[in-house]
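*Asks:* If it helps, the file is called upload-v5.cif and holds mmCIF, C-alpha atoms:
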data_entry
#
loop_
_atom_site.label_atom_id
_atom_site.label_comp_id
_atom_site.auth_asym_id
_atom_site.auth_seq_id
_atom_site.Cartn_x
_atom_site.Cartn_y
_atom_site.Cartn_z
CA MET A 117 -3.37 -16.90 17.11
CA TRP A 118 -5.75 -14.87 14.98
CA VAL A 119 -5.23 -11.43 13.46
CA TYR A 120 -8.16 -9.25 12.40
CA GLU A 121 -8.50 -7.70 8.98
CA LYS A 122 -10.67 -4.61 8.71
CA LYS A 123 -12.70 -5.65 5.68
CA LEU A 124 -15.48 -8.08 4.76
CA GLN A 125 -14.70 -11.19 2.73
CA TYR A 126 -17.35 -10.16 0.20
CA PRO A 127 -19.41 -6.93 -0.03
CA VAL A 128 -22.71 -6.82 1.88
CA ARG A 129 -25.34 -4.37 0.65
CA VAL A 130 -29.03 -4.21 1.47
CA SER A 131 -31.58 -2.11 -0.41
CA LYS A 132 -34.07 -1.55 2.41
CA CYS A 133 -34.71 -1.72 6.16
CA ASP A 134 -36.12 -5.24 6.62
CA PRO A 135 -36.28 -6.59 10.21
CA ARG A 136 -38.26 -9.61 9.00
CA MET A 137 -35.26 -10.86 6.95
CA ALA A 138 -32.92 -9.95 9.82
CA ARG A 139 -34.92 -12.28 12.03
CA TYR A 140 -34.64 -15.15 9.52
CA LEU A 141 -30.93 -14.52 8.98
CA ALA A 142 -30.35 -15.24 12.68
CA GLU A 143 -30.62 -18.91 11.67
CA GLN A 144 -27.19 -18.57 10.04
CA TYR A 145 -25.84 -16.46 12.93
CA GLY A 146 -26.69 -18.46 16.05
CA GLY A 147 -28.53 -21.47 14.59
CA ALA A 148 -27.57 -25.17 14.57
CA ASP A 149 -26.04 -25.10 11.09
CA GLY A 150 -25.01 -21.45 11.20
CA GLU A 151 -21.64 -19.82 10.82
CA LEU A 152 -20.83 -19.67 14.55
CA ALA A 153 -21.52 -23.39 14.91
CA ALA A 154 -19.39 -24.10 11.84
CA ALA A 155 -16.39 -22.06 13.02
CA LEU A 156 -16.47 -23.55 16.52
CA ARG A 157 -17.00 -27.10 15.19
CA TYR A 158 -14.00 -27.11 12.83
CA LEU A 159 -11.60 -25.17 15.00
CA ASN A 160 -12.32 -27.52 17.91
CA GLN A 161 -12.06 -30.76 15.90
CA ARG A 162 -8.68 -29.85 14.45
CA TYR A 163 -6.69 -30.65 17.62
CA THR A 164 -7.31 -34.38 17.35
CA ILE A 165 -7.70 -34.84 13.58
CA PRO A 166 -4.78 -36.43 11.61
CA SER A 167 -2.13 -33.82 10.73
CA LYS A 168 -2.82 -34.08 7.00
CA VAL A 169 -6.17 -32.29 7.35
CA ILE A 170 -5.45 -29.86 10.22
CA GLY A 171 -4.62 -27.13 7.70
CA LEU A 172 -7.97 -27.54 5.96
CA LEU A 173 -9.97 -27.41 9.21
CA THR A 174 -8.01 -24.33 10.32
CA ASP A 175 -8.58 -22.51 7.04
CA ILE A 176 -12.26 -23.35 6.65
CA GLY A 177 -12.89 -22.64 10.36
CA THR A 178 -11.29 -19.25 9.94
CA GLU A 179 -13.31 -18.50 6.81
CA GLU A 180 -16.49 -19.28 8.79
CA PHE A 181 -15.70 -16.35 11.09
CA ALA A 182 -15.53 -14.12 8.00
CA HIS A 183 -18.98 -15.45 7.04
CA LEU A 184 -20.26 -14.80 10.57
CA GLU A 185 -19.15 -11.19 10.15
CA MET A 186 -21.01 -10.97 6.82
CA ILE A 187 -24.23 -12.30 8.41
CA ALA A 188 -23.80 -9.87 11.31
CA THR A 189 -23.38 -7.03 8.80
CA MET A 190 -26.60 -8.05 7.03
CA ILE A 191 -28.57 -8.19 10.30
CA TYR A 192 -27.06 -4.87 11.46
CA LYS A 193 -27.86 -3.08 8.19
CA LEU A 194 -31.38 -4.53 7.96
CA THR A 195 -32.33 -3.39 11.48
CA LYS A 196 -30.29 -0.27 12.27
CA ASP A 197 -33.03 2.15 11.19
CA ALA A 198 -35.99 0.08 12.40
CA THR A 199 -38.37 1.49 15.02
CA PRO A 200 -39.53 -0.68 17.95
CA GLU A 201 -42.91 -0.88 16.17
CA GLN A 202 -41.29 -2.22 13.00
CA LEU A 203 -39.27 -4.75 15.02
CA GLU A 204 -42.39 -5.92 16.81
CA LYS A 205 -44.29 -6.29 13.54
CA ALA A 206 -41.47 -8.52 12.26
CA GLY A 207 -41.75 -10.76 15.31
CA LEU A 208 -38.71 -9.20 16.97
CA GLY A 209 -40.64 -7.73 19.93
CA PRO A 210 -39.17 -10.28 22.38
CA HIS A 211 -35.71 -9.61 20.93
CA TYR A 212 -36.14 -5.87 21.34
CA VAL A 213 -37.11 -6.00 25.02
CA SER A 214 -34.05 -8.10 25.82
CA HIS A 215 -31.43 -6.74 23.39
CA ASP A 216 -32.68 -3.47 21.81
CA SER A 217 -31.19 -3.67 18.31
CA ALA A 218 -28.04 -5.49 19.51
CA LEU A 219 -27.18 -8.74 17.76
CA PHE A 220 -27.44 -11.96 19.74
CA TYR A 221 -26.45 -15.55 19.10
CA ASN A 222 -29.84 -17.15 18.65
CA ASN A 223 -31.64 -18.85 15.77
CA ALA A 224 -34.58 -17.55 13.70
CA SER A 225 -36.99 -18.68 16.45
CA GLY A 226 -35.02 -16.85 19.16
CA VAL A 227 -33.51 -19.99 20.73
CA PRO A 228 -30.05 -19.14 22.14
CA PHE A 229 -26.97 -20.83 20.68
CA THR A 230 -25.78 -23.99 22.40
CA ALA A 231 -22.65 -26.14 22.05
CA ALA A 232 -25.05 -29.10 21.78
CA TYR A 233 -25.38 -28.11 18.09
CA ILE A 234 -21.83 -29.30 17.37
CA GLN A 235 -19.96 -32.54 17.84
CA ALA A 236 -16.40 -33.82 18.15
CA LYS A 237 -16.14 -37.61 18.12
CA GLY A 238 -12.37 -37.95 17.88
CA ASP A 239 -12.99 -40.37 15.00
CA PRO A 240 -11.70 -38.48 11.93
CA LEU A 241 -14.21 -39.96 9.48
CA ALA A 242 -17.17 -39.40 11.82
CA ASP A 243 -16.06 -35.79 12.35
CA LEU A 244 -15.54 -35.11 8.64
CA TYR A 245 -18.90 -36.64 7.69
CA GLU A 246 -20.54 -34.37 10.27
CA ASP A 247 -18.72 -31.42 8.68
CA ILE A 248 -19.93 -32.37 5.18
CA ALA A 249 -23.51 -32.69 6.48
CA ALA A 250 -23.24 -29.31 8.22
CA GLU A 251 -22.11 -27.65 4.97
CA GLU A 252 -24.98 -29.24 3.02
CA LYS A 253 -27.51 -28.13 5.64
CA ALA A 254 -26.11 -24.60 5.61
CA ARG A 255 -26.28 -24.57 1.79
CA ALA A 256 -29.96 -25.56 1.95
CA THR A 257 -30.65 -22.86 4.57
CA TYR A 258 -29.06 -20.23 2.33
CA GLN A 259 -31.33 -21.33 -0.50
CA TRP A 260 -34.43 -20.95 1.69
CA LEU A 261 -33.19 -17.52 2.82
CA ILE A 262 -32.66 -16.42 -0.80
CA ASP A 263 -36.22 -17.57 -1.57
CA MET A 264 -37.60 -15.46 1.31
CA THR A 265 -36.41 -12.06 -0.02
CA ASP A 266 -36.78 -9.97 -3.16
CA ASP A 267 -33.82 -7.74 -2.19
CA VAL A 268 -31.34 -8.39 -5.01
CA ASP A 269 -28.43 -6.85 -3.09
CA LEU A 270 -29.03 -9.15 -0.13
CA GLN A 271 -29.53 -12.11 -2.47
CA ASP A 272 -26.14 -11.42 -4.05
CA SER A 273 -24.28 -11.79 -0.74
CA LEU A 274 -26.37 -14.83 0.24
CA LYS A 275 -25.58 -16.50 -3.09
CA PHE A 276 -21.87 -16.00 -2.43
CA LEU A 277 -22.26 -17.71 0.97
CA ARG A 278 -24.31 -20.54 -0.56
CA GLU A 279 -21.51 -21.22 -3.04
CA ARG A 280 -18.91 -21.29 -0.26
CA GLU A 281 -20.81 -24.10 1.46
CA ILE A 282 -20.53 -26.15 -1.74
CA VAL A 283 -16.76 -25.60 -1.95
CA HIS A 284 -16.28 -26.45 1.73
CA ALA A 285 -18.29 -29.68 1.38
CA LEU A 286 -16.15 -30.62 -1.65
CA ARG A 287 -12.90 -30.02 0.27
CA PHE A 288 -14.14 -32.03 3.25
CA LYS A 289 -15.01 -34.90 0.90
CA GLU A 290 -11.44 -34.78 -0.41
CA ALA A 291 -10.20 -34.81 3.19
CA VAL A 292 -12.19 -38.02 3.76
CA GLU A 293 -10.34 -39.60 0.82
CA ILE A 294 -6.97 -38.41 2.17
CA ILE A 295 -7.74 -40.02 5.56
CA LYS A 296 -8.87 -43.28 3.92
CA GLU A 297 -5.78 -43.45 1.70
CA ASP A 298 -3.55 -42.87 4.68
CA ARG A 299 -5.36 -45.53 6.71
CA ASP A 300 -5.17 -48.11 3.89
CA GLN A 301 -1.48 -47.43 3.27
CA LYS A 302 -0.64 -48.17 6.88
CA LYS A 303 -1.98 -51.73 6.42
CA VAL A 304 0.72 -52.56 3.81
CA TYR A 305 3.90 -54.07 5.31
CA MET B 26 -29.46 3.98 18.11
CA SER B 27 -27.67 4.17 14.81
CA GLU B 28 -25.00 6.82 14.39
CA GLN B 29 -24.44 9.18 11.47
CA PRO B 30 -23.91 7.22 8.26
CA ILE B 31 -20.28 6.96 7.15
CA VAL B 32 -19.72 8.00 3.57
CA CYS B 33 -16.80 6.68 1.53
CA ASP B 34 -15.81 7.76 -1.99
CA LYS B 35 -16.11 5.62 -5.11
CA ALA B 36 -12.34 5.02 -5.20
CA TYR B 37 -12.51 3.46 -1.72
CA TYR B 38 -15.08 0.89 -2.84
CA ALA B 39 -13.18 0.16 -6.05
CA LYS B 40 -9.88 -0.46 -4.25
CA LEU B 41 -11.62 -2.51 -1.56
CA LEU B 42 -13.27 -4.67 -4.22
CA GLU B 43 -9.93 -5.19 -5.97
CA LEU B 44 -8.46 -6.43 -2.69
CA GLN B 45 -11.49 -8.63 -1.99
CA GLN B 46 -11.14 -10.18 -5.43
CA LEU B 47 -7.44 -10.96 -4.96
CA ASP B 48 -8.13 -12.36 -1.50
CA PHE B 49 -10.92 -14.53 -2.83
CA GLY B 50 -8.57 -16.07 -5.39
CA LEU B 51 -5.98 -16.65 -2.67
CA LEU B 52 -8.46 -18.21 -0.25
CA GLU B 53 -9.82 -20.55 -2.91
CA LEU B 54 -6.31 -21.58 -3.96
CA ASN B 55 -5.36 -22.04 -0.30
CA LEU B 56 -8.25 -24.46 0.37
CA TYR B 57 -7.55 -26.28 -2.90
CA LEU B 58 -3.86 -26.61 -2.07
CA ASP B 59 -4.75 -27.94 1.40
CA THR B 60 -6.05 -31.08 -0.33
CA HIS B 61 -3.84 -30.91 -3.48
CA PRO B 62 -0.40 -29.92 -2.11
CA HIS B 63 1.44 -31.26 -5.19
CA ASP B 64 -0.32 -29.12 -7.80
CA HIS B 65 2.55 -27.02 -9.18
CA HIS B 66 0.37 -24.81 -11.34
CA ALA B 67 -2.00 -23.90 -8.49
CA LEU B 68 0.95 -23.18 -6.22
CA GLN B 69 2.45 -20.91 -8.87
CA GLN B 70 -0.84 -19.01 -9.11
CA PHE B 71 -1.00 -18.80 -5.32
CA ASN B 72 2.45 -17.23 -5.01
CA TYR B 73 1.77 -14.87 -7.92
CA LEU B 74 -1.49 -13.65 -6.37
CA ALA B 75 0.18 -13.33 -2.94
CA GLN B 76 2.63 -10.88 -4.52
CA GLN B 77 -0.18 -8.92 -6.21
CA ARG B 78 -2.12 -8.91 -2.97
CA MET B 79 0.77 -7.40 -1.05
CA GLN B 80 0.98 -4.48 -3.48
CA CYS B 81 -2.78 -3.93 -3.53
CA ALA B 82 -3.05 -3.98 0.29
CA GLN B 83 -0.15 -1.53 0.57
CA GLN B 84 -1.83 0.90 -1.84
CA PHE B 85 -5.11 0.60 0.04
CA GLU B 86 -3.45 1.22 3.41
CA MET B 87 -1.50 4.28 2.16
CA LYS B 88 -4.81 5.91 1.31
CA TYR B 89 -7.29 4.51 3.83
CA GLY B 90 -5.28 3.41 6.85
CA PRO B 91 -4.25 0.08 8.36
CA LEU B 92 -6.12 -3.09 7.42
CA MET B 93 -4.69 -5.25 10.19
CA ASN B 94 -4.03 -4.92 13.91
CA TYR B 95 -1.14 -5.98 16.17
CA GLY B 96 1.58 -4.53 13.93
CA HIS B 97 0.75 -6.36 10.73
CA SER B 98 0.06 -2.93 9.20
CA PHE B 99 1.86 0.42 9.59
CA SER B 100 -0.01 3.43 10.97
CA GLY B 101 0.23 7.21 10.53
CA TYR B 102 -0.14 9.70 13.43
CA PRO B 103 -2.37 9.71 15.41
CA PHE B 104 -2.87 5.93 15.61
CA GLN B 105 -5.27 5.12 12.77
CA TRP B 106 -6.33 1.60 13.68
CA PRO B 107 -9.36 2.64 15.79
CA ASP B 108 -10.64 4.94 13.01
CA THR B 109 -13.90 4.27 11.19
CA PRO B 110 -15.12 2.84 8.93
CA TRP B 111 -15.42 -0.67 10.32
CA PRO B 112 -16.45 -3.31 7.77
CA TRP B 113 -20.15 -3.31 8.62
CA GLN B 114 -20.34 0.50 8.36
CA VAL B 115 -19.66 0.73 4.62
#
Can you turn what I pasted into structure tokens?
*Replies:*
Amino acid sequence: MWVYEKKLQYPVRVSKCDPRMARYLAEQYGGADGELAAALRYLNQRYTIPSKVIGLLTDIGTEEFAHLEMIATMIYKLTKDATPEQLEKAGLGPHYVSHDSALFYNNASGVPFTAAYIQAKGDPLADLYEDIAAEEKARATYQWLIDMTDDVDLQDSLKFLREREIVHALRFKEAVEIIKEDRDQKKVY
Amino acid sequence: MSEQPIVCDKAYYAKLLELQQLDFGLLELNLYLDTHPHDHHALQQFNYLAQQRMQCAQQFEMKYGPLMNYGHSFSGYPFQWPDTPWPWQV
């Protein structure tokens, strides 16, 4: 089961109301390589992955939910004081008429989240390579997001998340080696 | 619409940051140990930080209320779990 802890993994501060950045940040909220996709991908794959890497998928999958909460906090703080006019000017008019300032699982273009973004092949190496690719794509997205803002407080939190993608990719690469070693050992009689 | 802003004192942010720092070290060591289970030194650090973390969380909760739900934290009267601030409000 999961137990909630009433704190963010890393502080999230923003220095201004900025619905434009909130709109772009949705890419990491309900986008193909976003935090929701990551959490659901790993926590679903873990049931059929070899036991040696279940712990890693569980722990990284859980951390992704902490990242999802950080992104949600950014979007919330960037839009909570925005007027409908400001939201519309930032391209969030369609979002406003459907959701007011509520968050929703869609990407930066407003496309709703779909399970088609994630995969589970049952083949441990295929699954882990997908996970590595997902981390690399998320890292790149964080870089583009950092480039899109001059808010140093927001950049600080985004840089933390960018670094986490690098660590996750590294751990998944180690998991690939663990699976290969295990597979090769089984061939020796 | 957004509600009244919730204001916390400097000490709250300082203690929260201390806890976040300890938890970051623990999370990093946890992921590392997931793929390096035989690293004695890392495991030693992990158990040391887990001890520190317990003390830090206890001090935080004494002052600012429960961090976790479902009985993983104690609560004063009346039940403090539903109290603000929630993480995105600070």
*Asks:* Using only C-alpha atoms, find the one residue out of B:Glu43, B:Asn55, B:Ile31, B:Gln105 that sits nearest to Tyr89 in chain B.
*Replies:*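 Counting only C-alpha atoms, the residue closest to Tyr89 in chain B is B:Gln105.
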*Asks:* Evaluate the PyMOL selection byres ((chain A) within 7 of (chain B)) here and jot the selected residues down as a list in words.
*Replies:*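 Checked against the file, the PyMOL selection byres ((chain A) within 7 of (chain B)) matches Val119, Tyr120, Glu121, Lys122, Lys123, Leu124, Gln125, Tyr126, Gly171, Leu172, Asp175, Thr189, Lys196, Asp197, Arg287, Glu290 and Ala291 of chain A.
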*Asks:* Give me the result of the PyMOL selection byres ((chain A and resi 206) around 10) on this file, residue by residue, as an MDAnalysis selection string.
*Replies:* chainID A and resid 134:140 200:205 207:209
*Asks:* Would you write out, as a ChimeraX atom specification, every residue that the PyMOL selection byres ((chain A and resi 155) around 7) captures in this file?
*Replies:* /A:151-154,156-159,177-178,180-181
*Asks:* Give the answer as one residue: which of B:Pro107, B:Leu74, B:Gly101, B:Asp64 has the shortest atom-to-atom distance to Met87 in chain B, using only C-alpha atoms?
*Replies:*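 Of all the options, B:Gly101 lies closest to Met87 in chain B.
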*Asks:* So which residues touch Gln271 in chain A within 10 Å, counting only C-alpha atoms, skipping near sequence neighbours fewer than 3 positions away, as a list in words?
*Replies:*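 Surrounding residues, per the criterion: Val128, Arg129, Val130, Tyr258, Gln259, Leu261, Ile262, Asp263, Met264, Thr265, Asp266, Asp267, Val268, Leu274, Lys275, Phe276 and Leu277 of chain A.
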*Asks:* Can you measure CA of Glu179 in chain A to CA of Phe71 in chain B for me? One decimal in Å is fine.
*Replies:* 17.3 Å
*Asks:* Using all atoms listed in the file, find the one residue out of A:Asp149, A:Asp216, A:Glu252, A:Glu143 that sits nearest to Ile234 in chain A.
*Replies:*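 Smallest distance to Ile234 in chain A is found for A:Asp149.
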*Asks:* Expressed in Å to a single decimal, how great is the separation between CA of Lys88 in chain B and CA of Pro30 in chain B?
*Replies:*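 Separating CA of Lys88 in chain B from CA of Pro30 in chain B is a distance of 20.4 Å.
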*Asks:* Quick check, in Å to one decimal: how far apart do CA of Glu246 in chain A and CA of Val169 in chain A lie?
*Replies:*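 Atom-to-atom, CA of Glu246 in chain A to CA of Val169 in chain A, that is 14.8 Å.
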*Asks:* Measuring atom to atom with only C-alpha atoms, identify which of A:Thr257, A:Ser131, A:Lys296, A:Asp247 is nearest to Ile176 in chain A.
*Replies:*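 Between A:Thr257, A:Ser131, A:Lys296, A:Asp247, the residue approaching Ile176 in chain A most closely is A:Asp247.
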